[in-house]
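One file, upload.cif, carrying mmCIF, C-alpha atoms:
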```
data_target
loop_
_atom_site.label_atom_id
_atom_site.label_comp_id
_atom_site.auth_asym_id
_atom_site.auth_seq_id
_atom_site.Cartn_x
_atom_site.Cartn_y
_atom_site.Cartn_z
CA MET I 82 -63.20 50.96 -60.84
CA THR I 83 -66.87 50.99 -61.39
CA GLY I 84 -67.52 52.40 -58.01
CA LEU I 85 -66.66 55.26 -55.72
CA ASN I 86 -65.95 58.74 -57.04
CA ILE I 87 -66.01 57.83 -60.75
CA PRO I 88 -67.95 60.41 -62.76
CA ALA I 89 -70.82 58.77 -64.58
CA ASP I 90 -70.44 60.93 -67.68
CA ARG I 91 -67.02 59.67 -68.81
CA ASN I 92 -66.97 59.02 -72.53
CA TYR I 93 -64.53 56.15 -72.84
CA ALA I 94 -64.96 55.62 -76.56
CA GLU I 95 -63.97 59.18 -77.43
CA ALA I 96 -61.19 59.63 -74.88
CA ASP I 97 -57.63 59.42 -76.16
CA ASP I 98 -55.16 56.85 -74.85
CA VAL I 99 -53.45 59.24 -72.45
CA GLN I 100 -56.75 60.25 -70.88
CA LEU I 101 -57.82 56.62 -70.60
CA ALA I 102 -54.50 55.60 -69.07
CA ASP I 103 -54.94 58.34 -66.48
CA TRP I 104 -58.49 57.28 -65.70
CA ALA I 105 -57.47 53.61 -65.64
CA LYS I 106 -55.47 54.22 -62.49
CA ASP I 107 -58.73 54.04 -60.54
CA ASP I 108 -61.32 53.20 -63.18
CA THR I 109 -61.65 49.62 -64.37
CA GLU I 110 -63.82 50.53 -67.33
CA ALA I 111 -61.12 52.84 -68.68
CA PHE I 112 -58.66 49.96 -68.58
CA GLY I 113 -61.25 47.84 -70.35
CA GLU I 114 -61.43 50.38 -73.17
CA LEU I 115 -57.64 50.35 -73.57
CA TYR I 116 -57.78 46.57 -73.65
CA THR I 117 -60.36 46.65 -76.41
CA ARG I 118 -58.24 49.04 -78.46
CA TYR I 119 -55.03 47.05 -78.21
CA ILE I 120 -55.83 43.38 -77.71
CA LYS I 121 -55.68 42.50 -81.41
CA LYS I 122 -52.53 44.51 -82.05
CA ILE I 123 -50.67 42.99 -79.13
CA TYR I 124 -51.91 39.54 -80.03
CA ASN I 125 -50.62 39.92 -83.59
CA TYR I 126 -47.28 41.18 -82.38
CA VAL I 127 -46.86 38.28 -79.97
CA TYR I 128 -48.18 35.75 -82.48
CA TYR I 129 -45.56 36.61 -85.07
CA ARG I 130 -42.83 36.61 -82.44
CA THR I 131 -43.80 33.17 -81.07
CA GLY I 132 -45.33 31.48 -84.08
CA ASN I 133 -48.32 29.78 -82.50
CA HIS I 134 -51.68 30.67 -81.05
CA HIS I 135 -51.18 28.89 -77.75
CA ASP I 136 -48.12 30.90 -76.72
CA ALA I 137 -49.60 34.04 -78.25
CA GLU I 138 -52.63 33.75 -75.96
CA ASP I 139 -50.48 33.03 -72.93
CA LEU I 140 -48.10 35.93 -73.52
CA THR I 141 -50.83 38.36 -74.53
CA SER I 142 -52.56 37.64 -71.23
CA ARG I 143 -49.34 38.33 -69.39
CA VAL I 144 -48.86 41.61 -71.23
CA PHE I 145 -52.22 42.93 -70.11
CA TYR I 146 -51.88 41.64 -66.55
CA ARG I 147 -48.54 43.40 -66.32
CA ALA I 148 -50.02 46.57 -67.80
CA LEU I 149 -52.81 46.41 -65.25
CA ALA I 150 -50.34 45.96 -62.40
CA HIS I 151 -48.24 48.93 -63.54
CA ILE I 152 -50.84 51.28 -64.96
CA THR I 153 -50.55 53.49 -61.87
CA ASN I 154 -46.90 54.08 -62.77
CA TYR I 155 -47.63 55.06 -66.36
CA GLN I 156 -46.94 58.71 -67.03
CA ASP I 157 -47.36 60.53 -70.30
CA ARG I 158 -43.83 61.72 -71.04
CA GLY I 159 -44.34 62.06 -74.76
CA VAL I 160 -44.19 58.30 -75.30
CA PRO I 161 -47.56 57.00 -76.49
CA PHE I 162 -49.44 54.47 -74.42
CA SER I 163 -49.16 52.02 -77.31
CA ALA I 164 -45.37 52.26 -77.18
CA TRP I 165 -45.46 51.50 -73.45
CA LEU I 166 -47.64 48.47 -74.11
CA TYR I 167 -45.47 47.20 -76.99
CA ARG I 168 -42.40 47.50 -74.79
CA ILE I 169 -44.05 45.31 -72.19
CA ALA I 170 -44.87 42.81 -74.94
CA HIS I 171 -41.34 43.00 -76.32
CA ASN I 172 -39.79 42.35 -72.90
CA LEU I 173 -42.07 39.41 -72.19
CA VAL I 174 -41.41 37.84 -75.59
CA ALA I 175 -37.67 38.32 -75.12
CA ASN I 176 -37.86 36.60 -71.74
CA TRP I 177 -39.92 33.83 -73.28
CA HIS I 178 -37.25 33.22 -75.91
CA ARG I 179 -34.51 33.36 -73.30
CA ASP I 180 -36.33 30.86 -71.10
CA ARG I 181 -36.62 28.47 -73.97
CA ASP I 182 -32.96 29.08 -74.74
CA ARG I 183 -33.43 28.35 -78.35
CA ARG I 184 -34.94 29.73 -81.47
CA LYS I 185 -38.29 28.12 -81.89
CA ILE I 186 -38.74 26.30 -85.18
CA ILE I 187 -42.09 27.49 -86.34
CA PRO I 188 -44.45 24.79 -87.52
CA LEU I 189 -45.47 26.10 -90.89
CA ASP I 190 -49.05 25.05 -90.36
CA ASP I 191 -49.25 27.50 -87.49
CA TYR I 192 -48.66 30.35 -89.83
CA ILE I 193 -50.24 29.17 -93.02
CA THR I 194 -53.12 26.86 -92.30
CA SER I 195 -53.98 27.87 -88.78
CA ASP I 196 -57.60 27.50 -87.88
CA GLY I 197 -57.23 29.84 -84.94
CA GLY I 198 -59.25 32.53 -86.58
CA SER I 199 -56.73 33.74 -89.12
CA ASN I 200 -58.22 35.13 -92.28
CA ILE I 201 -55.74 34.50 -95.04
CA PRO I 202 -56.51 36.29 -98.25
CA GLU I 203 -56.50 34.18 -101.41
CA SER I 204 -53.61 36.18 -102.85
CA ALA I 205 -51.39 35.35 -99.88
CA THR I 206 -51.56 31.65 -100.60
CA GLU I 207 -50.58 32.02 -104.24
CA SER I 208 -47.16 30.67 -103.59
CA GLN I 209 -47.35 28.88 -100.28
CA GLU I 210 -43.90 27.39 -100.43
CA GLU I 211 -42.29 30.79 -100.85
CA THR I 212 -44.42 32.28 -98.12
CA GLU I 213 -43.50 29.51 -95.71
CA PHE I 214 -39.84 29.96 -96.46
CA LEU I 215 -40.07 33.71 -96.07
CA LEU I 216 -41.79 33.39 -92.69
CA LYS I 217 -39.11 30.99 -91.53
CA SER I 218 -36.47 33.41 -92.73
CA ILE I 219 -38.09 36.24 -90.81
CA GLN I 220 -38.06 34.05 -87.69
CA ASP I 221 -34.33 33.56 -88.17
CA LEU I 222 -33.66 37.28 -88.22
CA PRO I 223 -32.27 39.06 -85.16
CA GLU I 224 -34.93 40.18 -82.71
CA ASP I 225 -34.91 43.87 -83.64
CA ARG I 226 -35.40 43.13 -87.33
CA GLN I 227 -38.33 40.84 -86.63
CA GLN I 228 -39.82 43.51 -84.42
CA LEU I 229 -39.44 46.12 -87.13
CA LEU I 230 -41.14 44.01 -89.80
CA ILE I 231 -44.05 43.13 -87.54
CA LEU I 232 -44.59 46.71 -86.43
CA LYS I 233 -44.38 47.92 -90.02
CA PHE I 234 -46.30 45.32 -91.99
CA VAL I 235 -48.65 43.75 -89.45
CA GLU I 236 -49.32 46.65 -87.10
CA ARG I 237 -48.94 49.19 -89.93
CA LEU I 238 -47.35 51.79 -87.71
CA SER I 239 -45.62 54.91 -88.94
CA ASN I 240 -41.84 55.13 -88.83
CA ALA I 241 -42.08 57.66 -86.02
CA GLU I 242 -44.26 55.31 -83.96
CA ILE I 243 -41.89 52.41 -84.59
CA GLY I 244 -39.00 54.63 -83.54
CA GLU I 245 -40.74 55.43 -80.27
CA ILE I 246 -41.44 51.79 -79.53
CA MET I 247 -37.93 50.66 -80.43
CA ASP I 248 -36.33 53.72 -78.89
CA ARG I 249 -34.52 54.68 -82.10
CA THR I 250 -34.53 57.63 -84.44
CA GLU I 251 -36.43 57.49 -87.71
CA GLY I 252 -33.08 57.49 -89.51
CA ALA I 253 -32.03 54.42 -87.56
CA ILE I 254 -35.32 52.74 -88.43
CA LYS I 255 -34.74 53.41 -92.14
CA SER I 256 -31.26 52.00 -91.90
CA LEU I 257 -32.45 48.92 -90.02
CA TYR I 258 -35.19 48.34 -92.59
CA HIS I 259 -32.66 48.48 -95.42
CA ARG I 260 -30.39 45.98 -93.70
CA THR I 261 -33.35 43.73 -92.95
CA LEU I 262 -34.37 43.59 -96.60
CA LEU I 263 -30.78 42.84 -97.59
CA SER I 264 -30.68 39.99 -95.07
CA LEU I 265 -33.88 38.48 -96.37
CA ARG I 266 -32.74 38.79 -99.95
CA GLY I 267 -29.61 36.97 -98.83
CA TYR I 268 -31.69 34.12 -97.37
CA MET I 269 -33.62 33.88 -100.62
CA ASP I 270 -30.44 33.85 -102.69
CA GLN I 271 -29.10 31.13 -100.47
CA THR I 272 -32.16 28.96 -100.92
CA ASN I 273 -32.00 29.34 -104.63
CA ASP I 274 -28.38 28.41 -104.49
CA GLU I 275 -29.15 25.54 -102.08
CA SER I 276 -25.70 25.74 -100.60
CA GLY I 277 -23.72 27.61 -97.97
CA ALA I 278 -24.41 28.49 -94.38
CA SER I 279 -26.97 31.02 -93.31
CA ASN I 280 -24.45 33.45 -91.91
CA LYS I 281 -22.58 33.46 -95.14
CA GLY I 282 -25.74 34.25 -97.03
CA ASP I 283 -26.52 37.09 -94.70
CA ALA I 284 -23.08 38.56 -95.06
CA GLN I 285 -23.30 38.25 -98.78
CA ALA I 286 -26.58 40.08 -98.81
CA GLU I 287 -25.34 42.89 -96.65
CA SER I 288 -22.38 43.43 -98.87
CA GLU I 289 -25.01 44.25 -101.49
CA GLU I 290 -23.60 41.89 -104.05
CA GLU I 291 -26.01 41.37 -106.85
CA SER I 292 -26.51 37.90 -108.24
CA PRO I 293 -29.60 38.02 -110.44
CA PRO I 294 -29.47 34.45 -111.80
CA ARG I 295 -29.82 33.02 -108.29
CA ARG I 296 -32.96 34.99 -107.59
CA ARG I 297 -35.07 33.12 -110.08
CA ARG I 298 -37.14 31.26 -107.52
CA PHE I 299 -38.38 34.41 -105.85
CA GLY I 300 -38.50 36.40 -109.01
CA LEU I 301 -35.83 38.74 -107.73
CA MET R 154 -34.87 64.52 -114.45
CA LYS R 155 -32.73 61.66 -113.22
CA LEU R 156 -30.52 62.29 -110.27
CA PRO R 157 -26.90 61.20 -110.57
CA PRO R 158 -25.60 58.79 -107.96
CA LEU R 159 -24.30 60.42 -104.81
CA PHE R 160 -26.25 63.55 -105.66
CA ASN R 161 -26.21 65.70 -102.53
CA ARG R 162 -26.22 62.76 -100.20
CA PRO R 163 -24.78 59.29 -100.16
CA LEU R 164 -26.37 56.59 -102.25
CA ARG R 165 -27.11 54.58 -99.13
CA ASP R 166 -29.23 57.36 -97.68
CA GLN R 167 -31.13 57.67 -100.93
CA ILE R 168 -31.90 53.99 -101.13
CA GLN R 169 -32.94 53.86 -97.49
CA THR R 170 -35.39 56.68 -98.02
CA LEU R 171 -36.64 55.12 -101.23
CA LEU R 172 -37.22 51.76 -99.52
CA ILE R 173 -39.09 53.18 -96.56
CA ASN R 174 -41.23 55.28 -98.92
CA HIS R 175 -41.98 52.13 -100.86
CA ALA R 176 -42.98 50.33 -97.65
CA ASP R 177 -45.34 53.16 -96.76
CA ALA R 178 -46.77 53.06 -100.26
CA ILE R 179 -47.37 49.29 -99.98
CA LEU R 180 -49.33 49.83 -96.79
CA ILE R 181 -51.72 52.25 -98.46
CA GLY R 182 -51.93 50.08 -101.57
CA ALA R 183 -50.11 52.55 -103.80
CA ALA R 184 -46.75 50.94 -104.41
CA ASP R 185 -46.08 52.01 -107.99
CA ARG R 186 -42.49 50.88 -108.48
CA GLU R 187 -41.91 52.82 -111.67
CA ARG R 188 -43.20 56.05 -110.25
CA LEU R 189 -41.05 55.66 -107.12
CA LEU R 190 -37.94 54.86 -109.13
CA GLU R 191 -38.50 57.44 -111.81
CA PRO R 192 -36.29 60.21 -110.33
CA TYR R 193 -33.34 57.88 -109.79
CA ASP R 194 -30.54 56.59 -111.97
CA ASN R 195 -29.88 53.01 -113.02
CA VAL R 196 -27.38 52.26 -110.25
CA LEU R 197 -29.93 52.91 -107.58
CA ARG R 198 -32.79 51.38 -109.56
CA GLU R 199 -30.95 48.08 -109.86
CA GLN R 200 -30.30 47.94 -106.16
CA ALA R 201 -33.80 48.96 -105.18
CA GLU R 202 -35.90 46.83 -107.50
CA SER R 203 -35.04 43.44 -106.01
CA LEU R 204 -35.53 44.84 -102.50
CA PHE R 205 -38.95 46.16 -103.54
CA ILE R 206 -39.91 42.60 -104.41
CA VAL R 207 -38.70 41.34 -101.04
CA ALA R 208 -40.76 44.02 -99.28
CA GLU R 209 -43.87 43.16 -101.27
CA ARG R 210 -43.42 39.47 -100.41
CA ILE R 211 -43.12 40.35 -96.73
CA ASN R 212 -46.30 42.37 -96.92
CA ASP R 213 -48.11 39.41 -98.52
CA ALA R 214 -46.77 36.96 -95.95
CA LEU R 215 -47.34 38.94 -92.76
CA ILE R 216 -51.10 39.02 -92.70
CA GLU R 217 -53.15 40.05 -89.72
CA VAL R 218 -54.30 37.22 -87.46
CA VAL R 219 -57.38 37.40 -85.28
CA PRO R 220 -57.46 36.01 -81.75
CA SER R 221 -60.41 33.80 -80.88
CA GLU R 222 -63.47 35.63 -79.64
CA GLN R 223 -63.62 33.37 -76.60
CA PHE R 224 -60.06 34.25 -75.61
CA VAL R 225 -60.64 37.99 -76.01
CA THR R 226 -63.88 37.94 -74.01
CA GLN R 227 -62.57 35.71 -71.23
CA LEU R 228 -59.35 37.69 -70.78
CA ARG R 229 -61.28 40.96 -70.59
CA TYR R 230 -63.57 39.50 -67.95
CA ASP R 231 -60.65 38.15 -65.90
CA LEU R 232 -58.68 41.38 -66.14
CA LEU R 233 -61.54 43.58 -65.05
CA ALA R 234 -62.40 41.23 -62.20
CA THR R 235 -58.78 41.34 -61.04
CA ALA R 236 -58.70 45.13 -61.33
CA GLN R 237 -61.90 45.43 -59.35
CA ALA R 238 -60.59 43.15 -56.60
CA GLN R 239 -57.29 45.04 -56.40
CA ARG R 240 -58.97 48.38 -56.07
CA GLU R 241 -61.40 47.49 -53.34
CA SER R 242 -59.93 49.03 -50.22
CA TRP R 243 -59.37 47.16 -47.00
CA LEU R 244 -62.16 49.20 -45.44
CA ASP R 245 -64.51 48.34 -48.31
CA ARG R 246 -63.86 44.68 -47.69
CA ILE R 247 -64.62 45.01 -43.97
CA ARG R 248 -67.83 46.83 -44.81
CA SER R 249 -68.91 44.06 -47.10
CA LEU R 250 -68.59 41.45 -44.31
CA PRO R 251 -71.70 40.32 -42.35
CA PRO R 252 -72.46 42.42 -39.20
CA ARG R 253 -71.52 39.60 -36.80
CA THR R 254 -68.16 39.16 -38.47
CA GLN R 255 -67.60 42.91 -38.37
CA LEU R 256 -68.40 42.90 -34.60
CA ALA R 257 -66.03 40.00 -33.95
CA ALA R 258 -63.30 41.70 -35.96
CA GLY R 259 -63.89 44.91 -34.00
CA ILE R 260 -63.65 43.17 -30.61
CA GLY R 261 -60.58 41.24 -31.71
CA GLY R 262 -58.90 44.37 -33.00
CA ALA R 263 -59.71 46.33 -29.81
CA THR R 264 -58.34 43.53 -27.60
CA LEU R 265 -55.16 43.31 -29.63
CA THR R 266 -54.69 47.07 -29.48
CA ALA R 267 -55.27 47.15 -25.71
CA GLY R 268 -52.73 44.37 -25.21
CA MET R 269 -50.16 46.20 -27.26
CA VAL R 270 -50.75 49.41 -25.31
CA LEU R 271 -50.44 47.54 -22.03
CA ILE R 272 -47.12 46.01 -22.98
CA ALA R 273 -45.80 49.26 -24.35
CA THR R 274 -46.59 51.21 -21.18
CA ARG R 275 -44.74 48.81 -18.90
CA SER R 276 -40.99 49.09 -18.55
CA MET R 277 -39.05 46.18 -19.94
CA PRO R 278 -37.91 44.75 -16.52
CA ASN R 279 -41.45 44.89 -15.26
CA ALA R 280 -42.68 43.17 -18.34
CA LEU R 281 -40.10 40.43 -17.96
CA GLU R 282 -41.00 40.03 -14.30
CA TYR R 283 -44.65 39.80 -15.26
CA TRP R 284 -44.02 37.05 -17.79
CA ARG R 285 -41.73 35.21 -15.37
CA ASN R 286 -44.44 35.23 -12.71
CA LEU R 287 -46.94 34.00 -15.21
CA ARG R 288 -44.66 31.15 -16.19
CA ASP R 289 -43.87 30.20 -12.55
CA ALA R 290 -47.54 30.25 -11.66
#
```

For this file, produce the structure as structure tokens.
Amino acid sequence: MTGLNIPADRNYAEADDVQLADWAKDDTEAFGELYTRYIKKIYNYVYYRTGNHHDAEDLTSRVFYRALAHITNYQDRGVPFSAWLYRIAHNLVANWHRDRDRRKIIPLDDYITSDGGSNIPESATESQEETEFLLKSIQDLPEDRQQLLILKFVERLSNAEIGEIMDRTEGAIKSLYHRTLLSLRGYMDQTNDESGASNKGDAQAESEEESPPRRRRFGL
Amino acid sequence: MKLPPLFNRPLRDQIQTLLINHADAILIGAADRERLLEPYDNVLREQAESLFIVAERINDALIEVVPSEQFVTQLRYDLLATAQAQRESWLDRIRSLPPRTQLAAGIGGATLTAGMVLIATRSMPNALEYWRNLRDA
């Protein structure tokens, strides 16, 4: 709150998240600083879980409104503020998927040719067809595997941070990452093969069967 | 020196560690496959190499997106306005009312309080009798 009993000399930019979260209980500017730090991260997380800018904006707004409503309950118990925020985002996205009662088919243009401010490097468009397929495959993964890939490759978090957000040990994160790569390799094999059901492909991948000739398309 | 398979720990553990190290190396732009695989034998190398490619493709595909500036600015404004409104106390709101409204609210509140006190100090039968008389009149 920019008002009563707030010391004028608070340095929001240099305060850590825990300090800001504590101040934010009665200091609007502190919440504003937390917002500035995390808006892009949360937006990215939600965007890759929903697949379009419209829903990403809607859900990101809800994440921060919920955080604002519950900031007085936040206590530093060794879990970083970012983990608390990502858990809110995760829960809201999960509810969103449940409400829709279906896996959203992602319009490829949303990911690849979006004009919503995305800055796609030239190298990423080198093989657009493969990228589109890979993104669709990621969307078809179970929720926890999608979450892991987004936290790792988009948010660029450490394994320890991902473990805190997903409430798993680092060992469990390593194991999940391995299984996720096997699943995706299975999807790619399946596409190259152009036959079989997706579950079969996944099972094949997780059994770690090698089939080099079928990986030609993705250079595997 | 190349480590034999199942050296000290299961192959699965080794490959999991190798893959996560590779992912971390990708993120800092230092994913040198050969250097990462160098200590390991062919069994593990064969399994890891194709998964390295998958990981590198994921890293290329999952690029950072940027929300629109208008959205970011508007949401910040709305959030802080909501926070400000929530944190204004009831007393603060009364204080911000015009003096006449404050006076009216004060008189209304005092009257309501007096009425409640009056009712509370009468015994229930008396109160009922009072209301009955009022109704009959």

Using the chain letters and numbers from the file, give me the residues hit by the PyMOL selection byres ((chain I and resi 86-101) around 10), as a short mmCIF file (atom, residue, chain, number, x, y, z; two decimals) with C-alpha atoms, in the coordinates of the input.
```cif
data_model
loop_
_atom_site.label_atom_id
_atom_site.label_comp_id
_atom_site.auth_asym_id
_atom_site.auth_seq_id
_atom_site.Cartn_x
_atom_site.Cartn_y
_atom_site.Cartn_z
CA MET I 82 -63.20 50.96 -60.84
CA THR I 83 -66.87 50.99 -61.39
CA GLY I 84 -67.52 52.40 -58.01
CA LEU I 85 -66.66 55.26 -55.72
CA ALA I 102 -54.50 55.60 -69.07
CA ASP I 103 -54.94 58.34 -66.48
CA TRP I 104 -58.49 57.28 -65.70
CA ALA I 105 -57.47 53.61 -65.64
CA LYS I 106 -55.47 54.22 -62.49
CA ASP I 107 -58.73 54.04 -60.54
CA ASP I 108 -61.32 53.20 -63.18
CA THR I 109 -61.65 49.62 -64.37
CA GLU I 110 -63.82 50.53 -67.33
CA ALA I 111 -61.12 52.84 -68.68
CA PHE I 112 -58.66 49.96 -68.58
CA GLY I 113 -61.25 47.84 -70.35
CA GLU I 114 -61.43 50.38 -73.17
CA LEU I 115 -57.64 50.35 -73.57
CA ARG I 118 -58.24 49.04 -78.46
CA TYR I 155 -47.63 55.06 -66.36
CA GLN I 156 -46.94 58.71 -67.03
CA ASP I 157 -47.36 60.53 -70.30
CA GLY I 159 -44.34 62.06 -74.76
CA VAL I 160 -44.19 58.30 -75.30
CA PRO I 161 -47.56 57.00 -76.49
CA PHE I 162 -49.44 54.47 -74.42
CA SER I 163 -49.16 52.02 -77.31
#
```

Residues of chain R within 10 Å of chain I, counting only C-alpha atoms - could you list those as a PyMOL selection string?
chain R and resi 165-166+168-174+176-177+179-181+199-222+224-226+228-241

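Between atom CA of I:His151 and atom CA of I:Thr131 there is a distance of 24.0 Å.
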
Atom-to-atom span, atom CA of R:Leu287 and atom CA of R:Ile272, Å
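These atoms are spaced 14.3 Å apart.
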
In Å, rounded to a single decimal, give me how far atom CA of I:Ile246 is from atom CA of I:Leu222.
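Atom CA of I:Leu222 sits 18.6 Å away from atom CA of I:Ile246.
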
Written as a list in words, what is the full residue list that the PyMOL selection byres ((chain I and resi 177) around 12) yields on the file shown?
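After applying the PyMOL selection byres ((chain I and resi 177) around 12), what remains is Val127, Arg130, Thr131, Asp136, Ala137, Asp139, Leu140, Thr141, Arg143, Ala170, His171, Asn172, Leu173, Val174, Ala175, Asn176, His178, Arg179, Asp180, Arg181, Asp182, Arg183, Arg184 and Lys185 of chain I.
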
Which residues would end up in the selection if the PyMOL selection byres ((chain R and resi 190) around 10) were applied here, given that I need the answer as a list in words?
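Taken over the shown coordinates, the PyMOL selection byres ((chain R and resi 190) around 10) returns Lys155, Leu171, His175, Asp185, Arg186, Glu187, Arg188, Leu189, Glu191, Pro192, Tyr193, Asp194, Asn195, Leu197, Arg198, Glu199, Ala201 and Glu202 of chain R.
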